[in-house]
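Heads up, the thing below is written out as structure tokens.
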Amino acid sequence: MLLNDADLQVNAVAYLAQHLIVLLDPADIVVNLHHPYRRREFRDRHYASFHTGPSATADIEGVLIHGAQGVRLLSVLPLARAVDSPAR
């Protein structure tokens, strides 16, 4: 998931939140990671970052820790954007 400064509005939201819920218009789903770089909002924003959900790490002893950094739970809900109705 590619989020930019307009999506987040507060930079820390995507990094400090325990649970992140993202509303995603299905029309914005792309085939692979190369396509977001071609989108206008990627070039016109101050920053953009990819989010894939909780991280995992293992120390030297092989102890696996889930949610080592970033959000613990990333939920993506498909929701089409509202279409503006014509003015009366």
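Residue numbering restarts at 1 in every chain; chains get A, B, ... in the order shown in the structure tokens, and ligands count up from 1 in that same order.
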(request) Please provide the set of residues having any atom within 12 Å of Asp28 (chain A), restricted to only C-alpha atoms, with same-chain residues fewer than 2 positions apart removed, written as a PyMOL selection string. (result) chain A and resi 1-3+23-26+30-32+35-36+39+41+78-81
Generate a file of the selected residues that holds N, CA and C atoms, formatted as a compact mmCIF listing (two decimals), in the first residue's frame.
```txt
# COMPACT_ATOMS: atom_id res chain seq x y z
N MET A 1 0.84 -1.15 0.00
CA MET A 1 0.00 0.00 0.00
C MET A 1 0.90 1.23 0.00
N LEU A 2 0.62 2.16 -0.90
CA LEU A 2 1.38 3.41 -0.99
C LEU A 2 0.56 4.52 -0.35
N LEU A 3 1.09 5.11 0.69
CA LEU A 3 0.43 6.23 1.36
C LEU A 3 1.31 7.45 1.23
N LEU A 23 -9.04 2.86 4.02
CA LEU A 23 -10.13 2.73 3.07
C LEU A 23 -9.53 2.86 1.68
N LEU A 24 -9.71 1.86 0.86
CA LEU A 24 -9.07 1.81 -0.45
C LEU A 24 -10.11 1.66 -1.55
N ASP A 25 -10.08 2.60 -2.49
CA ASP A 25 -10.95 2.49 -3.66
C ASP A 25 -10.40 1.35 -4.53
N PRO A 26 -11.20 0.34 -4.83
CA PRO A 26 -10.71 -0.77 -5.66
C PRO A 26 -10.14 -0.31 -7.00
N VAL A 30 -3.31 -1.61 -8.25
CA VAL A 30 -2.47 -1.74 -9.44
C VAL A 30 -1.89 -3.15 -9.51
N VAL A 31 -1.31 -3.48 -10.66
CA VAL A 31 -0.82 -4.82 -10.93
C VAL A 31 0.42 -5.17 -10.11
N ASN A 32 1.36 -4.23 -9.98
CA ASN A 32 2.60 -4.52 -9.27
C ASN A 32 3.18 -3.24 -8.66
N HIS A 35 3.91 0.22 -10.82
CA HIS A 35 2.86 1.14 -11.25
C HIS A 35 2.64 2.36 -10.34
N PRO A 36 2.75 2.25 -9.03
CA PRO A 36 2.54 3.45 -8.21
C PRO A 36 3.52 4.58 -8.53
N ARG A 39 2.16 7.09 -11.02
CA ARG A 39 0.97 7.87 -10.68
C ARG A 39 1.34 9.31 -10.36
N GLU A 41 0.09 11.45 -8.20
CA GLU A 41 0.19 11.80 -6.78
C GLU A 41 1.52 11.37 -6.18
N PRO A 78 -12.06 -2.29 1.16
CA PRO A 78 -12.38 -1.74 -0.16
C PRO A 78 -13.65 -0.88 -0.08
N LEU A 79 -13.53 0.34 -0.56
CA LEU A 79 -14.66 1.26 -0.53
C LEU A 79 -14.50 2.25 -1.69
N ALA A 80 -15.44 2.21 -2.62
CA ALA A 80 -15.38 3.11 -3.77
C ALA A 80 -15.58 4.55 -3.31
N ARG A 81 -14.87 5.48 -3.95
CA ARG A 81 -15.04 6.89 -3.65
C ARG A 81 -16.46 7.33 -3.99
```
(message) Considering only alpha helix (DSSP H) as DSSP defines it on the backbone, what residues of chain A qualify? List them as a ChimeraX atom specification.
(response) /A:5-8,13-16,40-44
(message) Here is a test: counting only C-alpha atoms, which residue of A:His66, A:Asp44, A:Leu77, A:Pro54 is nearest to Gln18 (chain A)?
(response) A:Pro54
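The space separating CA of Gly53 (chain A) from CA of Ala6 (chain A) comes to 19.6 Å.
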(request) Please identify which residues in chain A DSSP calls strand (DSSP E) from the backbone, and express them as a PyMOL selection string. (result) chain A and resi 2-4+19-24+48-50+56-58+64-66+73-78
(message) Need the shell around region 7-13 of chain A: protein/DNA/RNA residues with any atom at most 10 Å away, counting only C-alpha atoms. Skip same-chain ones fewer than 3 positions apart. Format as a PyMOL selection string?
(response) chain A and resi 2-4+16-20+22+47-48+70-71
(request) Just give me the gap between CA of His51 (chain A) and CA of Leu64 (chain A) in Å, one decimal is fine. (result) 20.3 Å
(message) As an exercise, work out the distance from CA of Thr52 (chain A) to CA of Val76 (chain A) in Å and give it to one decimal place.
(response) 10.4 Å
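Remark: for Arg72 (chain A), the closest of the candidate residues A:Ala27, A:Asp5, A:Phe50, A:Ala56 is A:Ala56 (distances computed over only C-alpha atoms).
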